[in-house]
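Here's the structure, in structure tokens; my notes come after.
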Amino acid sequence: MKPVVRVAVIGGGAIAQRRHLPEYDANPGAQIAGVFDTDEKRARELCEQYGGHAYGSLEEIFEDGSVDAVSVCSPNVTHADASIRALRAGKHVLCEKPMALSLEESRRMLEAEKQSGKNLMLGHNQRLIRAHLKAHELLHQGAIGRLLFFQCNFKHSGPENWSIDAGNNTWFFKKDQANFGVMGDLGAHKIDLIRFLTDSEIKNVFTTMTTLDKRDETGEPIALEDNAVCLFNMENGLPGIMHFSWTNYGAEDNGSTIYGSKGVMKIFGDYADDIVLEMRDGTQVKYTVGSISTNQHQLKSGVIDEFIASIVEGRRPIVKGIDGHNTLAVIETAMMSARAGTWMDIEY
Ligand SMILES: NC(=O)c1ccc[n+]([C@@H]2O[C@H](COP(=O)([O-])OP(=O)(O)OC[C@H]3O[C@@H](n4cnc5c(N)ncnc54)[C@H](O)[C@@H]3O)[C@@H](O)[C@H]2O)c1
């Protein structure tokens with residue numbers, strides 16, 4: 001019989017309720033051991049729905065010998081502490097993005113991963129989306145020739161509409177809990193994606209960022225950026241641009257365009273076709289391989305299935321601790337670049 005991985009979920013908010021809990025529930029190799037949330041009522045209600053025990057503290061999870069793994073789905077400020085303690089207690093960890101508040105924290109997480117011998121996976125789900133897997137395959141087959149430039153967008157109406165505790169007092173708007181604004185929230189996804197699509201790390205970055213519209217519960221502009229534009233050069237020489245925004249009050253934009261010597265690849269450039277290749281001779285090739293989640297329309301992420309499979313099969317997951325760390329290094333350097341007003345090399 002297939003071994004069952006018992007998982008405790010830390011933080012029972014939007015991402016736990018929309019992805020982690022239903023996807024563990026649907027995975028025959030996983031069993032939900034329980035939920036810990038500082039909102040005890042929320043944890044109890046989720047356990048009534050999914051089974052398992054409403055844990056009263058993190059210690060209770062770490063001391064529970066029947067728990068094999070944890071999902072860290074609580075605010076960013078908790079990621080490093082919860083992940084490190086879980087790894088030290090011998091649990092596999094699936095930690096949501098951004099990995100941590102600083103590189104100092106993410107380095108300690110990598111060290112704990114190494115010493116524990118357990119898996120540390122990051123919730124960078126974009127590289128598991130079927131269209132992105134197909135795009136990776138096509139790019140490596142040379143479908144659009146030599147890569148010349150990339151442009152990625154991730155723009156929606158903001159996390160105050162997504163969080164389980166919706167509203168302008170959301171933790172996403174608090175520097176001490178989120179540390180990063182839209183860069184850490186949406187930037188993390190596309191930065192990891194371009195690393196995956198091009199099999200290259202980002203070499204340097206120039207960023208401009210601003211707070212255009214978001215207000216906290218007192219009506220004051222938030223202390224974090226709600227828009228960021230980054231120029232990048234990859235280590236393989238490829239340049240590109242990304243725009244991350246929490247002030248797109250129209251349809252969510254999660255598209256990427258890759259320009260090559262033989263044509264252009266548009267991924268989620270429209271909502272009818274997932275990938276369109278516009279070739280230099282005017283022809284078009286369309287691939288429909290599955291759409292992308294939006295805040296309003298959630299699809300299975302594949303992250304949970306990959307996490308469980310990696311544990312059952314005794315291998316490392318597709319999205320590793322180092323992917324979270326290297327993505328965080330780009331985010332941190334991008335923020336420094338915006339403050340300094342100059343290009344900066346990424347120090348991993
Ligand atoms: N991979 C993705 O696409 C994706 C999408 C959204 C959010 N996220 C990430 O997931 C994490 C959670 O975001 P969310 O959208 O679910 O937020 P949320 O506000 O909806 O939920 C956060 C939950 O954590 C609980 N909580 C707060 N402090 C806690 C603590 N110390 N210990 C345990 N629980 C605590 C809250 O009560 C709440 O239930 C964030 O790091 C976020 O960046 C990832």
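Order determines the names: the first chain of the structure tokens is A, the second B, and so forth; residues in each chain are numbered 1 upward, and ligands are numbered 1 upward as they are shown.
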
Report the closest atom pair, with its distance in Å rounded to one decimal, for each residue of chain A that has an atom no farther than 6 Å from ligand 1; count only C-alpha atoms and all ligand atoms, sort by chain and then rising residue number, and write it as JSON lines.
```
{"residue": "A:Ile10", "atom": "CA", "partner": "ligand 1", "partner_atom_place_in_ligand_line": "33 (C)", "distance": 5.3}
{"residue": "A:Gly11", "atom": "CA", "partner": "ligand 1", "partner_atom_place_in_ligand_line": "34 (N)", "distance": 3.6}
{"residue": "A:Gly12", "atom": "CA", "partner": "ligand 1", "partner_atom_place_in_ligand_line": "39 (O)", "distance": 4.4}
{"residue": "A:Gly13", "atom": "CA", "partner": "ligand 1", "partner_atom_place_in_ligand_line": "21 (O)", "distance": 3.2}
{"residue": "A:Ala14", "atom": "CA", "partner": "ligand 1", "partner_atom_place_in_ligand_line": "20 (O)", "distance": 3.7}
{"residue": "A:Ile15", "atom": "CA", "partner": "ligand 1", "partner_atom_place_in_ligand_line": "16 (O)", "distance": 3.8}
{"residue": "A:Ala16", "atom": "CA", "partner": "ligand 1", "partner_atom_place_in_ligand_line": "16 (O)", "distance": 5.8}
{"residue": "A:Phe36", "atom": "CA", "partner": "ligand 1", "partner_atom_place_in_ligand_line": "33 (C)", "distance": 5.8}
{"residue": "A:Asp37", "atom": "CA", "partner": "ligand 1", "partner_atom_place_in_ligand_line": "34 (N)", "distance": 3.8}
{"residue": "A:Thr38", "atom": "CA", "partner": "ligand 1", "partner_atom_place_in_ligand_line": "34 (N)", "distance": 4.8}
{"residue": "A:Asp39", "atom": "CA", "partner": "ligand 1", "partner_atom_place_in_ligand_line": "37 (O)", "distance": 4.9}
{"residue": "A:Cys73", "atom": "CA", "partner": "ligand 1", "partner_atom_place_in_ligand_line": "11 (C)", "distance": 4.4}
{"residue": "A:Ser74", "atom": "CA", "partner": "ligand 1", "partner_atom_place_in_ligand_line": "24 (O)", "distance": 3.9}
{"residue": "A:Pro75", "atom": "CA", "partner": "ligand 1", "partner_atom_place_in_ligand_line": "41 (O)", "distance": 4.5}
{"residue": "A:Asn76", "atom": "CA", "partner": "ligand 1", "partner_atom_place_in_ligand_line": "41 (O)", "distance": 4.3}
{"residue": "A:Thr78", "atom": "CA", "partner": "ligand 1", "partner_atom_place_in_ligand_line": "31 (N)", "distance": 5.8}
{"residue": "A:Glu96", "atom": "CA", "partner": "ligand 1", "partner_atom_place_in_ligand_line": "10 (O)", "distance": 4.9}
{"residue": "A:Lys97", "atom": "CA", "partner": "ligand 1", "partner_atom_place_in_ligand_line": "43 (O)", "distance": 5.1}
{"residue": "A:Pro98", "atom": "CA", "partner": "ligand 1", "partner_atom_place_in_ligand_line": "43 (O)", "distance": 5.8}
{"residue": "A:Gly123", "atom": "CA", "partner": "ligand 1", "partner_atom_place_in_ligand_line": "1 (N)", "distance": 4.9}
{"residue": "A:His124", "atom": "CA", "partner": "ligand 1", "partner_atom_place_in_ligand_line": "1 (N)", "distance": 5.7}
{"residue": "A:Asn125", "atom": "CA", "partner": "ligand 1", "partner_atom_place_in_ligand_line": "1 (N)", "distance": 5.8}
{"residue": "A:Ser163", "atom": "CA", "partner": "ligand 1", "partner_atom_place_in_ligand_line": "20 (O)", "distance": 3.5}
{"residue": "A:Ile164", "atom": "CA", "partner": "ligand 1", "partner_atom_place_in_ligand_line": "20 (O)", "distance": 3.8}
{"residue": "A:Asp165", "atom": "CA", "partner": "ligand 1", "partner_atom_place_in_ligand_line": "19 (O)", "distance": 5.5}
{"residue": "A:Asp185", "atom": "CA", "partner": "ligand 1", "partner_atom_place_in_ligand_line": "43 (O)", "distance": 5.4}
```

message: Can you pull out the residues contacting Val319 (chain A)? Cut-off 7 Å, using only C-alpha atoms, and skip same-chain residues under 3 positions away; I want them as a list in words.
response: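 Here the qualifying residues turn out to be Met121, Leu122, His124 and Asp323 of chain A.
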
field: Exercise: Gln284 (chain A) partners within 12 Å, only C-alpha atoms, chain neighbours under 2 positions left out, as a PyMOL selection string
entry: chain A and resi 143-144+262-266+273+275-282+286-287

message: I'd like the neighbourhood of Leu133 (chain A) as a ChimeraX atom specification, where a residue qualifies if any of its atoms comes within 10 Å (using only C-alpha atoms), though same-chain residues fewer than 6 positions away should be ignored.
response: /A:126-127,196-197,289

Requested write-out: N, CA and C atoms of the selected residues, as a short mmCIF file (atom, residue, chain, number, x, y, z; two decimals), in the first residue's frame:
```
data_model
loop_
_atom_site.label_atom_id
_atom_site.label_comp_id
_atom_site.auth_asym_id
_atom_site.auth_seq_id
_atom_site.Cartn_x
_atom_site.Cartn_y
_atom_site.Cartn_z
N GLN A 126 3.91 28.76 -10.45
CA GLN A 126 3.83 29.09 -11.88
C GLN A 126 4.60 28.10 -12.75
N ARG A 127 5.71 27.57 -12.21
CA ARG A 127 6.49 26.65 -13.05
C ARG A 127 5.81 25.29 -13.17
N PHE A 196 12.99 29.67 -14.48
CA PHE A 196 12.63 28.34 -14.95
C PHE A 196 12.60 28.28 -16.47
N LEU A 197 11.92 29.25 -17.10
CA LEU A 197 11.75 29.20 -18.56
C LEU A 197 13.08 29.29 -19.30
N VAL A 289 -3.31 24.29 -23.64
CA VAL A 289 -2.84 23.26 -22.71
C VAL A 289 -3.37 23.47 -21.29
#
```

task: Measuring atom to atom with only C-alpha atoms, identify which of A:Ser66, A:Asn227, A:Ser291, A:Thr211 is nearest to Gly184 (chain A).
output: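 Closest to Gly184 (chain A), using only C-alpha atoms: A:Asn227.
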
message: List as an MDAnalysis selection string the protein and nucleic acid residues near Leu87 (chain A), meaning an atom at most 10 Å away when only C-alpha atoms are counted, but skip any in the same chain fewer than 4 places from it.
response: chainID A and resid 62 69:70 82:83 91:93 109 111:120

Export N, CA and C atoms of the chosen residues as a PDB file, in the first residue's frame?
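Done, and the output landed in part.pdb:
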```pdb
ATOM      1  N   PHE A  62       5.004  20.333  16.098  1.00  0.00           N
ATOM      2  CA  PHE A  62       6.370  19.819  15.973  1.00  0.00           C
ATOM      3  C   PHE A  62       6.598  18.617  16.885  1.00  0.00           C
ATOM      4  N   ALA A  69       4.826  16.182   7.679  1.00  0.00           N
ATOM      5  CA  ALA A  69       5.107  17.373   6.853  1.00  0.00           C
ATOM      6  C   ALA A  69       4.196  18.513   7.267  1.00  0.00           C
ATOM      7  N   VAL A  70       4.647  19.747   6.940  1.00  0.00           N
ATOM      8  CA  VAL A  70       3.793  20.917   7.195  1.00  0.00           C
ATOM      9  C   VAL A  70       3.733  21.790   5.947  1.00  0.00           C
ATOM     10  N   ALA A  82       8.799  29.273  11.312  1.00  0.00           N
ATOM     11  CA  ALA A  82       7.995  28.040  11.279  1.00  0.00           C
ATOM     12  C   ALA A  82       8.708  26.963  10.467  1.00  0.00           C
ATOM     13  N   SER A  83       9.318  27.352   9.333  1.00  0.00           N
ATOM     14  CA  SER A  83       9.968  26.347   8.468  1.00  0.00           C
ATOM     15  C   SER A  83      11.193  25.756   9.162  1.00  0.00           C
ATOM     16  N   LYS A  91      10.297  17.410  10.094  1.00  0.00           N
ATOM     17  CA  LYS A  91       9.142  17.460   9.178  1.00  0.00           C
ATOM     18  C   LYS A  91       9.599  18.001   7.812  1.00  0.00           C
ATOM     19  N   HIS A  92       9.018  17.464   6.746  1.00  0.00           N
ATOM     20  CA  HIS A  92       9.169  18.093   5.424  1.00  0.00           C
ATOM     21  C   HIS A  92       8.362  19.389   5.429  1.00  0.00           C
ATOM     22  N   VAL A  93       8.836  20.375   4.632  1.00  0.00           N
ATOM     23  CA  VAL A  93       8.170  21.687   4.654  1.00  0.00           C
ATOM     24  C   VAL A  93       7.813  22.141   3.239  1.00  0.00           C
ATOM     25  N   MET A 109      17.208  29.004   6.511  1.00  0.00           N
ATOM     26  CA  MET A 109      16.261  27.961   6.097  1.00  0.00           C
ATOM     27  C   MET A 109      16.968  26.892   5.259  1.00  0.00           C
ATOM     28  N   GLU A 111      20.109  26.119   5.422  1.00  0.00           N
ATOM     29  CA  GLU A 111      20.983  25.383   6.332  1.00  0.00           C
ATOM     30  C   GLU A 111      20.166  24.322   7.094  1.00  0.00           C
ATOM     31  N   ALA A 112      18.981  24.720   7.557  1.00  0.00           N
ATOM     32  CA  ALA A 112      18.117  23.772   8.289  1.00  0.00           C
ATOM     33  C   ALA A 112      17.675  22.640   7.364  1.00  0.00           C
ATOM     34  N   GLU A 113      17.412  22.978   6.096  1.00  0.00           N
ATOM     35  CA  GLU A 113      17.022  21.950   5.111  1.00  0.00           C
ATOM     36  C   GLU A 113      18.153  20.933   4.962  1.00  0.00           C
ATOM     37  N   LYS A 114      19.391  21.468   4.821  1.00  0.00           N
ATOM     38  CA  LYS A 114      20.555  20.596   4.611  1.00  0.00           C
ATOM     39  C   LYS A 114      20.768  19.679   5.820  1.00  0.00           C
ATOM     40  N   GLN A 115      20.695  20.268   7.002  1.00  0.00           N
ATOM     41  CA  GLN A 115      20.969  19.471   8.206  1.00  0.00           C
ATOM     42  C   GLN A 115      19.878  18.448   8.480  1.00  0.00           C
ATOM     43  N   SER A 116      18.648  18.764   8.096  1.00  0.00           N
ATOM     44  CA  SER A 116      17.537  17.853   8.418  1.00  0.00           C
ATOM     45  C   SER A 116      17.457  16.688   7.442  1.00  0.00           C
ATOM     46  N   GLY A 117      17.935  16.898   6.212  1.00  0.00           N
ATOM     47  CA  GLY A 117      17.755  15.867   5.186  1.00  0.00           C
ATOM     48  C   GLY A 117      16.313  15.788   4.700  1.00  0.00           C
ATOM     49  N   LYS A 118      15.470  16.696   5.149  1.00  0.00           N
ATOM     50  CA  LYS A 118      14.061  16.709   4.724  1.00  0.00           C
ATOM     51  C   LYS A 118      13.891  17.663   3.540  1.00  0.00           C
ATOM     52  N   ASN A 119      12.734  17.585   2.891  1.00  0.00           N
ATOM     53  CA  ASN A 119      12.481  18.457   1.747  1.00  0.00           C
ATOM     54  C   ASN A 119      11.970  19.823   2.198  1.00  0.00           C
ATOM     55  N   LEU A 120      12.530  20.859   1.593  1.00  0.00           N
ATOM     56  CA  LEU A 120      11.975  22.212   1.733  1.00  0.00           C
ATOM     57  C   LEU A 120      11.542  22.628   0.334  1.00  0.00           C
TER      58      LEU A 120
END
```

message: Can you tell me, as number ranges by chain, which residues in region 210-246 of chain A count as strand (DSSP E or B) by DSSP?
response: A: 210, 215, 221, 227-234, 239-245

task: Excluding Thr257 (chain A) and residues on its chain fewer than 2 positions from it, collect all residues at most 9 Å away from it, counting only C-alpha atoms, and give them as a list in words.
output: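 Those residues are Phe149, Phe150, Gln151, Cys152, Asn153, Gly255, Tyr259, Val264, Met265, Lys266, Ile267, Phe268 and Gly269 of chain A.
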
message: Show me, as a ChimeraX atom specification, the residues that have an atom within 9 Å of Ile222 (chain A) when counting only C-alpha atoms, minus same-chain residues fewer than 6 positions from it.
response: /A:173-175,211,213-216

With N, CA and C atoms retained, write the just-selected residues as a JSON list (two decimals), in the first residue's frame.
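Below is the file again-v3.json, written as the result:
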```json
[["chain", "number", "residue", "atom", "x", "y", "z"],
["A", 173, "PHE", "N", -0.51, 44.65, 3.72],
["A", 173, "PHE", "CA", -0.16, 46.08, 3.63],
["A", 173, "PHE", "C", 0.75, 46.53, 4.77],
["A", 174, "LYS", "N", 1.14, 45.58, 5.67],
["A", 174, "LYS", "CA", 1.95, 45.96, 6.85],
["A", 174, "LYS", "C", 3.40, 45.56, 6.63],
["A", 175, "LYS", "N", 4.28, 46.54, 6.74],
["A", 175, "LYS", "CA", 5.70, 46.27, 6.49],
["A", 175, "LYS", "C", 6.25, 45.19, 7.44],
["A", 211, "THR", "N", 3.92, 53.84, -4.79],
["A", 211, "THR", "CA", 2.62, 53.53, -4.18],
["A", 211, "THR", "C", 1.60, 54.46, -4.81],
["A", 213, "ASP", "N", -1.96, 53.92, -5.23],
["A", 213, "ASP", "CA", -3.38, 53.99, -4.89],
["A", 213, "ASP", "C", -3.78, 53.32, -3.57],
["A", 214, "LYS", "N", -2.96, 52.40, -3.07],
["A", 214, "LYS", "CA", -3.42, 51.61, -1.91],
["A", 214, "LYS", "C", -3.32, 52.41, -0.62],
["A", 215, "ARG", "N", -4.38, 52.33, 0.18],
["A", 215, "ARG", "CA", -4.47, 53.04, 1.46],
["A", 215, "ARG", "C", -4.68, 52.01, 2.56],
["A", 216, "ASP", "N", -4.15, 52.31, 3.73],
["A", 216, "ASP", "CA", -4.40, 51.42, 4.87],
["A", 216, "ASP", "C", -5.73, 51.78, 5.53]]
```

Dump as CSV the rows for residues of region 7-32 of chain A within 9 Å of region 297-312 of chain A: closest atom pair and distance in Å with one decimal, only C-alpha atoms counted, ordered by chain and rising residue number.
```
residue,atom,partner,partner_atom,distance
A:Arg18,CA,A:Gln298,CA,7.0
A:Arg19,CA,A:Lys300,CA,6.8
A:His20,CA,A:Ile304,CA,6.5
A:Pro22,CA,A:Lys300,CA,8.9
A:Glu23,CA,A:Ile304,CA,6.2
A:Tyr24,CA,A:Ile304,CA,6.5
A:Asn27,CA,A:Asp305,CA,6.7
A:Gly29,CA,A:Ile308,CA,6.8
A:Ala30,CA,A:Ile308,CA,6.8
```

Please save all heavy atoms of the selected residues as a short mmCIF file (atom, residue, chain, number, x, y, z; two decimals), in the first residue's frame.
```cif
data_model
loop_
_atom_site.label_atom_id
_atom_site.label_comp_id
_atom_site.auth_asym_id
_atom_site.auth_seq_id
_atom_site.Cartn_x
_atom_site.Cartn_y
_atom_site.Cartn_z
N ARG A 18 -8.01 27.76 -0.46
CA ARG A 18 -8.27 27.66 -1.91
C ARG A 18 -7.38 26.62 -2.57
O ARG A 18 -7.73 26.09 -3.62
CB ARG A 18 -8.10 29.01 -2.57
CG ARG A 18 -9.19 29.95 -2.10
CD ARG A 18 -9.04 31.36 -2.61
NE ARG A 18 -9.88 32.26 -1.83
CZ ARG A 18 -9.88 33.56 -1.93
NH1 ARG A 18 -9.10 34.16 -2.79
NH2 ARG A 18 -10.65 34.30 -1.16
N ARG A 19 -6.20 26.33 -1.99
CA ARG A 19 -5.31 25.35 -2.65
C ARG A 19 -4.85 24.24 -1.71
O ARG A 19 -5.10 23.08 -1.99
CB ARG A 19 -4.09 26.05 -3.24
CG ARG A 19 -4.48 26.96 -4.39
CD ARG A 19 -3.33 27.32 -5.27
NE ARG A 19 -3.68 28.50 -6.02
CZ ARG A 19 -2.83 29.50 -6.31
NH1 ARG A 19 -1.58 29.44 -5.93
NH2 ARG A 19 -3.23 30.53 -7.01
N HIS A 20 -4.14 24.56 -0.62
CA HIS A 20 -3.48 23.49 0.14
C HIS A 20 -4.48 22.47 0.68
O HIS A 20 -4.32 21.26 0.41
CB HIS A 20 -2.65 24.10 1.29
CG HIS A 20 -1.45 24.86 0.80
ND1 HIS A 20 -0.15 24.51 1.09
CD2 HIS A 20 -1.36 25.97 0.03
CE1 HIS A 20 0.69 25.36 0.54
NE2 HIS A 20 -0.03 26.27 -0.12
N PRO A 22 -7.82 21.76 0.02
CA PRO A 22 -8.54 20.92 -0.95
C PRO A 22 -7.62 19.99 -1.74
O PRO A 22 -8.00 18.87 -2.07
CB PRO A 22 -9.22 21.93 -1.88
CG PRO A 22 -8.78 23.28 -1.49
CD PRO A 22 -8.09 23.20 -0.17
N GLU A 23 -6.37 20.44 -2.01
CA GLU A 23 -5.49 19.59 -2.82
C GLU A 23 -4.90 18.45 -1.98
O GLU A 23 -4.68 17.35 -2.50
CB GLU A 23 -4.41 20.45 -3.50
CG GLU A 23 -5.03 21.36 -4.56
CD GLU A 23 -4.03 22.15 -5.40
OE1 GLU A 23 -2.89 21.70 -5.58
OE2 GLU A 23 -4.41 23.25 -5.87
N TYR A 24 -4.64 18.67 -0.68
CA TYR A 24 -4.24 17.53 0.18
C TYR A 24 -5.41 16.57 0.29
O TYR A 24 -5.25 15.34 0.23
CB TYR A 24 -3.85 18.01 1.59
CG TYR A 24 -2.48 18.65 1.67
CD1 TYR A 24 -2.31 19.93 2.21
CD2 TYR A 24 -1.33 17.97 1.23
CE1 TYR A 24 -1.06 20.52 2.28
CE2 TYR A 24 -0.08 18.55 1.30
CZ TYR A 24 0.06 19.82 1.83
OH TYR A 24 1.29 20.41 1.89
N ASN A 27 -5.66 14.31 -2.57
CA ASN A 27 -4.49 13.49 -2.90
C ASN A 27 -4.52 12.20 -2.07
O ASN A 27 -4.45 12.26 -0.84
CB ASN A 27 -3.21 14.29 -2.58
CG ASN A 27 -1.96 13.56 -3.04
OD1 ASN A 27 -1.79 12.38 -2.76
ND2 ASN A 27 -1.09 14.25 -3.74
N GLY A 29 -2.34 10.10 -1.44
CA GLY A 29 -1.11 9.86 -0.68
C GLY A 29 -0.98 10.76 0.54
O GLY A 29 0.01 10.67 1.28
N ALA A 30 -1.96 11.64 0.75
CA ALA A 30 -1.86 12.61 1.85
C ALA A 30 -3.04 12.50 2.79
O ALA A 30 -4.14 12.08 2.40
CB ALA A 30 -1.81 14.03 1.27
#
```

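Here CA of Val229 (chain A) and CA of Leu193 (chain A) stand 16.3 Å from one another.
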
message: One number please: CA of Val330 (chain A) to CA of Phe232 (chain A), in Å, one decimal.
response: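 Separating CA of Val330 (chain A) from CA of Phe232 (chain A) is a distance of 9.7 Å.
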
query: Tell me, which residues of region 115-173 of chain A carry DSSP alpha helix (DSSP H), written as a list in words?
result: Gln115, Ser116, Arg130, Ala131, His132, Leu133, Lys134, Ala135, His136, Glu137, Leu138, Leu139 and His140 of chain A

query: For Gly167 (chain A), which residue among A:Glu252, A:Glu217, A:Met234, A:Val4 is the nearest when counting only C-alpha atoms?
result: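 Using only C-alpha atoms, the shortest distance to Gly167 (chain A) belongs to A:Glu217.
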